[in-house]
file work_14.txt (compact mmCIF, C-alpha atoms)
# COMPACT_ATOMS: atom_id res chain seq x y z
CA MET A 1 5.06 -23.60 -11.98
CA ALA A 2 4.84 -19.83 -11.75
CA LYS A 3 5.97 -17.68 -8.86
CA ILE A 4 3.50 -15.42 -7.08
CA LEU A 5 5.14 -12.59 -5.12
CA ILE A 6 3.32 -12.04 -1.85
CA PRO A 7 2.95 -8.47 -0.49
CA THR A 8 4.45 -8.01 2.97
CA PRO A 9 1.17 -7.69 4.94
CA LEU A 10 -0.20 -10.92 3.42
CA ARG A 11 2.78 -13.12 4.21
CA GLN A 12 1.29 -13.97 7.59
CA TYR A 13 -1.28 -16.05 5.67
CA VAL A 14 1.28 -18.00 3.60
CA ASP A 15 3.63 -19.29 6.30
CA LYS A 16 5.62 -16.01 6.14
CA LYS A 17 6.89 -16.72 2.61
CA ASN A 18 7.62 -13.77 0.34
CA ALA A 19 6.81 -15.84 -2.76
CA VAL A 20 4.83 -18.99 -3.47
CA GLU A 21 5.22 -21.37 -6.42
CA VAL A 22 1.85 -22.40 -7.83
CA GLY A 23 0.84 -24.59 -10.77
CA GLY A 24 -1.77 -23.58 -13.33
CA SER A 25 -2.13 -22.55 -16.93
CA THR A 26 -3.95 -19.24 -16.41
CA ILE A 27 -3.90 -16.40 -13.89
CA GLY A 28 -7.32 -17.54 -12.66
CA GLU A 29 -6.08 -21.06 -12.01
CA LEU A 30 -3.02 -19.75 -10.21
CA LEU A 31 -5.03 -17.51 -7.89
CA THR A 32 -7.52 -20.30 -7.21
CA GLY A 33 -4.66 -22.65 -6.40
CA LEU A 34 -3.03 -20.07 -4.15
CA THR A 35 -6.19 -19.32 -2.18
CA THR A 36 -7.13 -22.99 -1.94
CA GLU A 37 -3.78 -23.84 -0.39
CA TYR A 38 -3.82 -20.73 1.79
CA ALA A 39 -7.51 -20.25 2.53
CA GLU A 40 -7.04 -17.29 4.90
CA LEU A 41 -5.67 -15.30 1.99
CA ARG A 42 -8.91 -15.54 0.06
CA ARG A 43 -10.90 -12.81 1.83
CA HIS A 44 -8.06 -10.36 1.35
CA LEU A 45 -7.94 -10.88 -2.41
CA PHE A 46 -11.55 -11.67 -3.33
CA ASN A 47 -14.89 -10.15 -2.37
CA ASP A 48 -18.02 -12.10 -1.35
CA GLU A 49 -18.94 -12.55 -5.00
CA GLY A 50 -15.63 -14.25 -5.67
CA LYS A 51 -14.24 -11.37 -7.71
CA LEU A 52 -10.89 -9.73 -7.12
CA ARG A 53 -11.31 -6.85 -4.71
CA SER A 54 -11.37 -3.47 -6.41
CA PHE A 55 -8.05 -2.42 -4.92
CA VAL A 56 -6.18 -5.55 -6.06
CA ASN A 57 -4.25 -5.41 -9.32
CA VAL A 58 -2.50 -8.46 -10.73
CA TYR A 59 0.58 -8.23 -12.91
CA LEU A 60 2.05 -10.98 -15.05
CA ASN A 61 5.73 -10.16 -15.12
CA ASP A 62 5.49 -6.39 -15.82
CA GLU A 63 2.03 -6.28 -17.40
CA ASP A 64 -1.35 -5.60 -15.85
CA ILE A 65 -3.62 -8.58 -16.61
CA ARG A 66 -6.53 -6.16 -17.25
CA TYR A 67 -4.73 -5.28 -20.49
CA LEU A 68 -4.02 -8.93 -21.31
CA SER A 69 -6.80 -11.51 -20.96
CA LYS A 70 -7.67 -10.89 -17.29
CA ASP A 71 -8.25 -14.19 -15.43
CA ALA A 72 -7.79 -16.15 -18.66
CA THR A 73 -4.29 -14.74 -19.24
CA PRO A 74 -2.03 -17.72 -20.01
CA VAL A 75 0.85 -18.41 -17.63
CA LYS A 76 3.94 -20.45 -18.36
CA ASP A 77 6.65 -21.96 -16.20
CA GLY A 78 9.01 -19.35 -14.84
CA ASP A 79 6.54 -16.45 -15.03
CA THR A 80 6.29 -14.09 -12.09
CA VAL A 81 2.92 -12.86 -10.86
CA SER A 82 2.69 -9.79 -8.63
CA ILE A 83 -0.22 -8.67 -6.47
CA VAL A 84 -0.19 -4.88 -6.53
CA PRO A 85 -2.60 -2.82 -4.43
CA SER A 86 -4.30 0.36 -5.59
CA ILE A 87 -3.42 3.34 -3.42
CA ALA A 88 -5.11 6.74 -3.56
CA GLY A 89 -6.64 9.28 -1.22
CA GLY A 90 -6.79 12.87 -0.25
CA THR A 91 -7.89 15.47 2.25
CA ARG A 92 -11.52 15.74 1.23
CA ARG A 93 -13.47 15.41 4.46
CA GLY A 94 -16.28 12.95 5.00
CA ALA A 95 -18.51 11.68 7.76
CA SER A 96 -16.19 8.81 8.63
CA ASP A 97 -12.91 10.74 8.87
CA ILE A 98 -10.62 9.42 11.59
CA LYS A 99 -8.98 12.25 13.51
CA MET B 100 3.93 0.38 16.12
CA ILE B 101 5.82 1.95 13.25
CA LYS B 102 9.18 3.64 13.75
CA ILE B 103 10.79 5.81 11.10
CA GLU B 104 14.57 6.24 11.00
CA GLN B 105 16.06 9.71 10.62
CA ALA B 106 17.22 9.40 7.01
CA ALA B 107 13.87 8.12 5.82
CA TRP B 108 12.03 10.76 7.82
CA ASP B 109 14.13 13.55 6.32
CA VAL B 110 13.19 12.34 2.82
CA MET B 111 9.49 12.19 3.69
CA VAL B 112 9.37 15.68 5.19
CA SER B 113 11.47 17.17 2.40
CA HIS B 114 9.26 15.60 -0.25
CA ALA B 115 6.07 16.74 1.46
CA GLU B 116 7.33 20.33 1.88
CA SER B 117 8.72 20.61 -1.64
CA THR B 118 5.46 19.48 -3.26
CA PHE B 119 3.32 21.85 -1.15
CA PRO B 120 0.60 23.05 -1.83
CA ASN B 121 -0.02 19.74 -3.59
CA GLU B 122 -0.28 16.38 -1.89
CA CYS B 123 2.74 14.13 -2.12
CA CYS B 124 3.04 10.37 -1.78
CA GLY B 125 5.61 7.65 -1.45
CA ALA B 126 6.54 4.21 -0.22
CA MET B 127 8.14 3.28 3.09
CA LEU B 128 10.60 0.40 2.95
CA GLY B 129 12.07 -1.45 5.86
CA THR B 130 11.49 -4.46 8.04
CA VAL B 131 8.55 -6.03 9.84
CA ASP B 132 8.74 -8.08 13.03
CA GLY B 133 5.22 -8.97 14.14
CA ASP B 134 3.45 -5.66 14.77
CA GLU B 135 6.74 -3.76 14.89
CA LYS B 136 7.67 -1.97 11.68
CA LEU B 137 10.92 -0.15 11.06
CA VAL B 138 11.12 2.25 8.12
CA ARG B 139 14.68 2.54 6.87
CA VAL B 140 14.15 4.04 3.42
CA ALA B 141 11.49 6.39 2.07
CA ALA B 142 10.93 6.39 -1.67
CA PRO B 143 9.02 9.39 -3.05
CA ILE B 144 6.57 8.43 -5.80
CA LYS B 145 5.05 10.77 -8.37
CA ASN B 146 1.49 11.81 -7.55
CA ALA B 147 -0.40 10.23 -10.45
CA PHE B 148 -3.77 11.84 -9.74
CA THR B 149 -4.85 13.49 -12.98
CA GLY B 150 -6.93 16.32 -11.48
CA ALA B 151 -6.01 19.04 -9.00
CA GLN B 152 -3.45 17.57 -6.61
CA GLY B 153 -4.05 19.98 -3.72
CA ALA B 154 -6.50 17.57 -2.13
CA ARG B 155 -5.90 14.25 -3.87
CA TYR B 156 -3.14 11.78 -4.56
CA GLU B 157 -2.80 8.50 -6.40
CA ILE B 158 0.05 6.03 -6.74
CA GLY B 159 0.38 4.28 -10.08
CA PRO B 160 0.49 0.48 -9.66
CA GLU B 161 3.64 0.28 -11.78
CA ASP B 162 5.37 2.72 -9.43
CA LEU B 163 4.34 0.65 -6.42
CA LEU B 164 5.49 -2.52 -8.17
CA ALA B 165 8.87 -0.87 -8.74
CA ALA B 166 9.09 0.19 -5.09
CA ASP B 167 8.30 -3.36 -3.97
CA ALA B 168 10.95 -4.73 -6.34
CA ALA B 169 13.49 -2.26 -4.99
CA ALA B 170 12.68 -3.30 -1.44
CA ARG B 171 13.05 -7.00 -2.24
CA LYS B 172 16.36 -6.35 -3.99
CA GLU B 173 17.71 -4.68 -0.85
CA GLY B 174 16.36 -7.38 1.46
CA MET B 175 13.64 -5.07 2.77
CA ASP B 176 9.84 -5.05 2.69
CA LEU B 177 7.29 -2.52 1.52
CA VAL B 178 5.83 -1.71 4.93
CA GLY B 179 3.70 1.34 4.29
CA ILE B 180 2.62 4.35 2.31
CA PHE B 181 3.02 8.01 3.18
CA HIS B 182 1.21 11.04 1.85
CA SER B 183 0.72 14.66 2.85
CA HIS B 184 -2.28 16.79 3.76
CA PRO B 185 -1.45 20.40 2.78
CA ASP B 186 -2.86 22.92 5.25
CA CYS B 187 -4.90 20.16 6.87
CA ASP B 188 -4.49 18.00 9.92
CA ALA B 189 -3.00 14.52 9.63
CA TYR B 190 -6.28 12.65 9.78
CA PHE B 191 -7.37 9.65 7.72
CA SER B 192 -10.06 10.93 5.41
CA GLU B 193 -12.98 9.05 3.96
CA THR B 194 -11.26 9.51 0.60
CA ASP B 195 -8.16 7.82 2.01
CA LEU B 196 -10.20 4.99 3.49
CA LYS B 197 -12.30 4.23 0.42
CA ASN B 198 -9.57 4.49 -2.20
CA SER B 199 -6.65 2.66 -0.64
CA CYS B 200 -5.84 -0.98 -0.26
CA PRO B 201 -6.09 -1.53 3.51
CA TRP B 202 -3.11 -3.83 3.94
CA TYR B 203 -0.48 -1.27 4.87
CA SER B 204 0.41 1.36 7.43
CA PHE B 205 -0.55 4.80 6.16
CA VAL B 206 1.48 7.71 7.49
CA VAL B 207 -0.10 11.12 6.92
CA LEU B 208 2.03 14.27 7.22
CA SER B 209 0.31 17.56 7.95
CA ILE B 210 2.07 20.38 6.09
CA GLN B 211 0.98 23.80 7.32
CA LYS B 212 1.96 26.85 5.23
CA GLY B 213 4.68 24.80 3.56
CA LYS B 214 6.27 23.42 6.73
CA PHE B 215 5.89 20.09 8.48
CA HIS B 216 3.52 20.35 11.45
CA HIS B 217 2.65 16.84 12.70
CA ALA B 218 2.03 13.28 11.53
CA ASN B 219 -0.05 10.24 12.34
CA SER B 220 -0.15 6.64 11.18
CA PHE B 221 -3.29 4.62 10.49
CA LEU B 222 -4.20 0.98 9.94
CA PRO B 223 -7.41 0.51 7.91
CA ASP B 224 -9.50 -2.60 8.51
CA PRO B 225 -9.80 -5.17 5.67
CA ASP B 226 -13.32 -4.03 4.76
CA GLN B 227 -12.32 -0.35 4.55
CA THR B 228 -14.92 0.70 7.10
CA ARG B 229 -12.58 2.20 9.69
CA ALA B 230 -8.93 2.92 10.39
CA ASP B 231 -7.30 2.79 13.80
CA LYS B 232 -4.43 5.01 14.78
CA GLU B 233 -1.13 3.19 15.00
CA GLU B 234 1.65 4.27 17.35
CA LEU B 235 4.10 6.30 15.28
CA GLN B 236 7.65 7.14 16.27
CA TYR B 237 9.52 9.68 14.19
CA PRO B 238 12.55 11.89 14.94
CA ARG B 239 11.62 15.15 16.72
call {"tool": "encode", "arguments": {"input": "work_14.txt", "output": "structure tokens"}}
result
Amino acid sequence: MAKILIPTPLRQYVDKKNAVEVGGSTIGELLTGLTTEYAELRRHLFNDEGKLRSFVNVYLNDEDIRYLSKDATPVKDGDTVSIVPSIAGGTRRGASDIK
Amino acid sequence: MIKIEQAAWDVMVSHAESTFPNECCGAMLGTVDGDEKLVRVAAPIKNAFTGAQGARYEIGPEDLLAADAAARKEGMDLVGIFHSHPDCDAYFSETDLKNSCPWYSFVVLSIQKGKFHHANSFLPDPDQTRADKEELQYPR
């Protein structure tokens, strides 16, 4: 089993836990297992095409899975998986600015 | 509603003023009880945007991961993100909306001529199509 750390705003979808233990041999299997058990979480992590949303980064221990084997990255017992959001912005004005 | 304690607020304002005329950014750590968020600690994070930083900011995922780890270690949660708008109002721009994960509270500090002017907090919707203002309480 590996441990998936749940970001604060998403804990409402996993019975308020800050971490969930999930079985699986790859990152893809872990995330599928997580979002099968906690179905409400799925739309926050994946888009309609079933791909991770663009602002969601996944880290295995301290490494970004994009630089490992992405969804096929192997996971072993005791590993820690983190869901890390992308954050960026700026003052450039657009039509949908909220004042 | 998001409430920011004095010590955290002082750090946020100081960081935003000292990085003027560039944008600054950071993490807000504290506690969450339903819709009530209390910010106890503000952690400045290096602006990782590689271009001109006067109108853009970016937080490196590793830095956010470290902030989250620090919060967990202290029994707190990562409850939000703050950044500054130099010589601009504290609105939530289209750039903010389209480039940020919408899970958190986003506090924007307006820094006018190097000094804090006002602030607002926003809650983007999950599809990043809009962001509602959130009640913000900070020391005045």
call {"tool": "residues_around", "arguments": {"input": "work_14.txt", "residues": "Ala147 of chain B", "least_positions_apart": "2", "cutoff": "7 Å", "atoms": "all atoms listed in the file", "output": "ChimeraX atom specification"}}
result
/B:145,149,156-159
call {"tool": "residues_around", "arguments": {"input": "work_14.txt", "residues": "Leu128 of chain B", "least_positions_apart": "2", "cutoff": "9 Å", "atoms": "all atoms listed in the file", "output": "list of chain:residue names"}}
result
B:Ala107, B:Ala126, B:Thr130, B:Leu137, B:Val138, B:Arg139, B:Val140, B:Ala141, B:Ala142, B:Ala166, B:Asp167, B:Ala169, B:Ala170, B:Met175, B:Asp176, B:Leu177, B:Val178, B:Gly179, B:Ile180
call {"tool": "closest_residue", "arguments": {"input": "work_14.txt", "among": "B:Gly213, B:Ile103, B:Asn198, B:Pro120", "to": "Ala151 of chain B", "atoms": "all atoms listed in the file"}}
result
B:Pro120
call {"tool": "residues_around", "arguments": {"input": "work_14.txt", "residues": "segment 47-63 of chain A", "least_positions_apart": "3", "cutoff": "10 Å", "atoms": "only C-alpha atoms", "output": "MDAnalysis selection string"}}
result
(chainID A and resid 2:4 27 31 42:44 66:68 70:71 73:75 78:88) or (chainID B and resid 160:161 164:165 197:201 226)
call {"tool": "atom_distance", "arguments": {"input": "work_14.txt", "atom1": "atom CA of Ser220 of chain B", "atom2": "atom CA of Ala189 of chain B"}}
result
8.5 Å
call {"tool": "build_atoms", "arguments": {"input": "work_14.txt", "residues": "segment 59-77 of chain A", "atoms": "N, CA and C atoms", "output": "PDB file, keeping the file's coordinate frame"}}
result
ATOM      1  N   TYR A  59      -0.348  -8.414 -11.806  1.00  0.00           N
ATOM      2  CA  TYR A  59       0.580  -8.230 -12.910  1.00  0.00           C
ATOM      3  C   TYR A  59       1.239  -9.555 -13.265  1.00  0.00           C
ATOM      4  N   LEU A  60       1.280  -9.842 -14.563  1.00  0.00           N
ATOM      5  CA  LEU A  60       2.050 -10.980 -15.050  1.00  0.00           C
ATOM      6  C   LEU A  60       3.368 -10.411 -15.550  1.00  0.00           C
ATOM      7  N   ASN A  61       4.436 -10.801 -14.890  1.00  0.00           N
ATOM      8  CA  ASN A  61       5.730 -10.160 -15.120  1.00  0.00           C
ATOM      9  C   ASN A  61       5.538  -8.644 -14.960  1.00  0.00           C
ATOM     10  N   ASP A  62       5.654  -7.829 -16.011  1.00  0.00           N
ATOM     11  CA  ASP A  62       5.490  -6.390 -15.820  1.00  0.00           C
ATOM     12  C   ASP A  62       4.199  -5.852 -16.423  1.00  0.00           C
ATOM     13  N   GLU A  63       3.239  -6.741 -16.716  1.00  0.00           N
ATOM     14  CA  GLU A  63       2.030  -6.280 -17.400  1.00  0.00           C
ATOM     15  C   GLU A  63       0.765  -6.530 -16.585  1.00  0.00           C
ATOM     16  N   ASP A  64      -0.068  -5.527 -16.543  1.00  0.00           N
ATOM     17  CA  ASP A  64      -1.350  -5.600 -15.850  1.00  0.00           C
ATOM     18  C   ASP A  64      -2.268  -6.567 -16.610  1.00  0.00           C
ATOM     19  N   ILE A  65      -2.804  -7.570 -15.908  1.00  0.00           N
ATOM     20  CA  ILE A  65      -3.620  -8.580 -16.610  1.00  0.00           C
ATOM     21  C   ILE A  65      -4.926  -7.991 -17.165  1.00  0.00           C
ATOM     22  N   ARG A  66      -5.327  -6.798 -16.689  1.00  0.00           N
ATOM     23  CA  ARG A  66      -6.530  -6.160 -17.250  1.00  0.00           C
ATOM     24  C   ARG A  66      -6.322  -5.827 -18.725  1.00  0.00           C
ATOM     25  N   TYR A  67      -5.037  -5.630 -19.100  1.00  0.00           N
ATOM     26  CA  TYR A  67      -4.730  -5.280 -20.490  1.00  0.00           C
ATOM     27  C   TYR A  67      -4.251  -6.509 -21.261  1.00  0.00           C
ATOM     28  N   LEU A  68      -4.313  -7.660 -20.620  1.00  0.00           N
ATOM     29  CA  LEU A  68      -4.020  -8.930 -21.310  1.00  0.00           C
ATOM     30  C   LEU A  68      -5.360  -9.642 -21.459  1.00  0.00           C
ATOM     31  N   SER A  69      -5.513 -10.796 -20.863  1.00  0.00           N
ATOM     32  CA  SER A  69      -6.800 -11.510 -20.960  1.00  0.00           C
ATOM     33  C   SER A  69      -7.432 -11.726 -19.592  1.00  0.00           C
ATOM     34  N   LYS A  70      -7.127 -10.820 -18.651  1.00  0.00           N
ATOM     35  CA  LYS A  70      -7.670 -10.890 -17.290  1.00  0.00           C
ATOM     36  C   LYS A  70      -7.413 -12.293 -16.690  1.00  0.00           C
ATOM     37  N   ASP A  71      -8.442 -12.893 -16.079  1.00  0.00           N
ATOM     38  CA  ASP A  71      -8.250 -14.190 -15.430  1.00  0.00           C
ATOM     39  C   ASP A  71      -7.774 -15.276 -16.390  1.00  0.00           C
ATOM     40  N   ALA A  72      -8.126 -15.122 -17.663  1.00  0.00           N
ATOM     41  CA  ALA A  72      -7.790 -16.150 -18.660  1.00  0.00           C
ATOM     42  C   ALA A  72      -6.386 -15.954 -19.242  1.00  0.00           C
ATOM     43  N   THR A  73      -5.645 -14.977 -18.735  1.00  0.00           N
ATOM     44  CA  THR A  73      -4.290 -14.740 -19.240  1.00  0.00           C
ATOM     45  C   THR A  73      -3.430 -15.995 -19.057  1.00  0.00           C
ATOM     46  N   PRO A  74      -2.845 -16.507 -20.124  1.00  0.00           N
ATOM     47  CA  PRO A  74      -2.030 -17.720 -20.010  1.00  0.00           C
ATOM     48  C   PRO A  74      -0.754 -17.476 -19.202  1.00  0.00           C
ATOM     49  N   VAL A  75      -0.371 -18.479 -18.445  1.00  0.00           N
ATOM     50  CA  VAL A  75       0.850 -18.410 -17.630  1.00  0.00           C
ATOM     51  C   VAL A  75       1.723 -19.594 -17.993  1.00  0.00           C
ATOM     52  N   LYS A  76       3.018 -19.343 -18.078  1.00  0.00           N
ATOM     53  CA  LYS A  76       3.940 -20.450 -18.360  1.00  0.00           C
ATOM     54  C   LYS A  76       4.961 -20.579 -17.233  1.00  0.00           C
ATOM     55  N   ASP A  77       5.636 -21.712 -17.227  1.00  0.00           N
ATOM     56  CA  ASP A  77       6.650 -21.960 -16.200  1.00  0.00           C
ATOM     57  C   ASP A  77       7.655 -20.813 -16.171  1.00  0.00           C
TER      58      ASP A  77
END
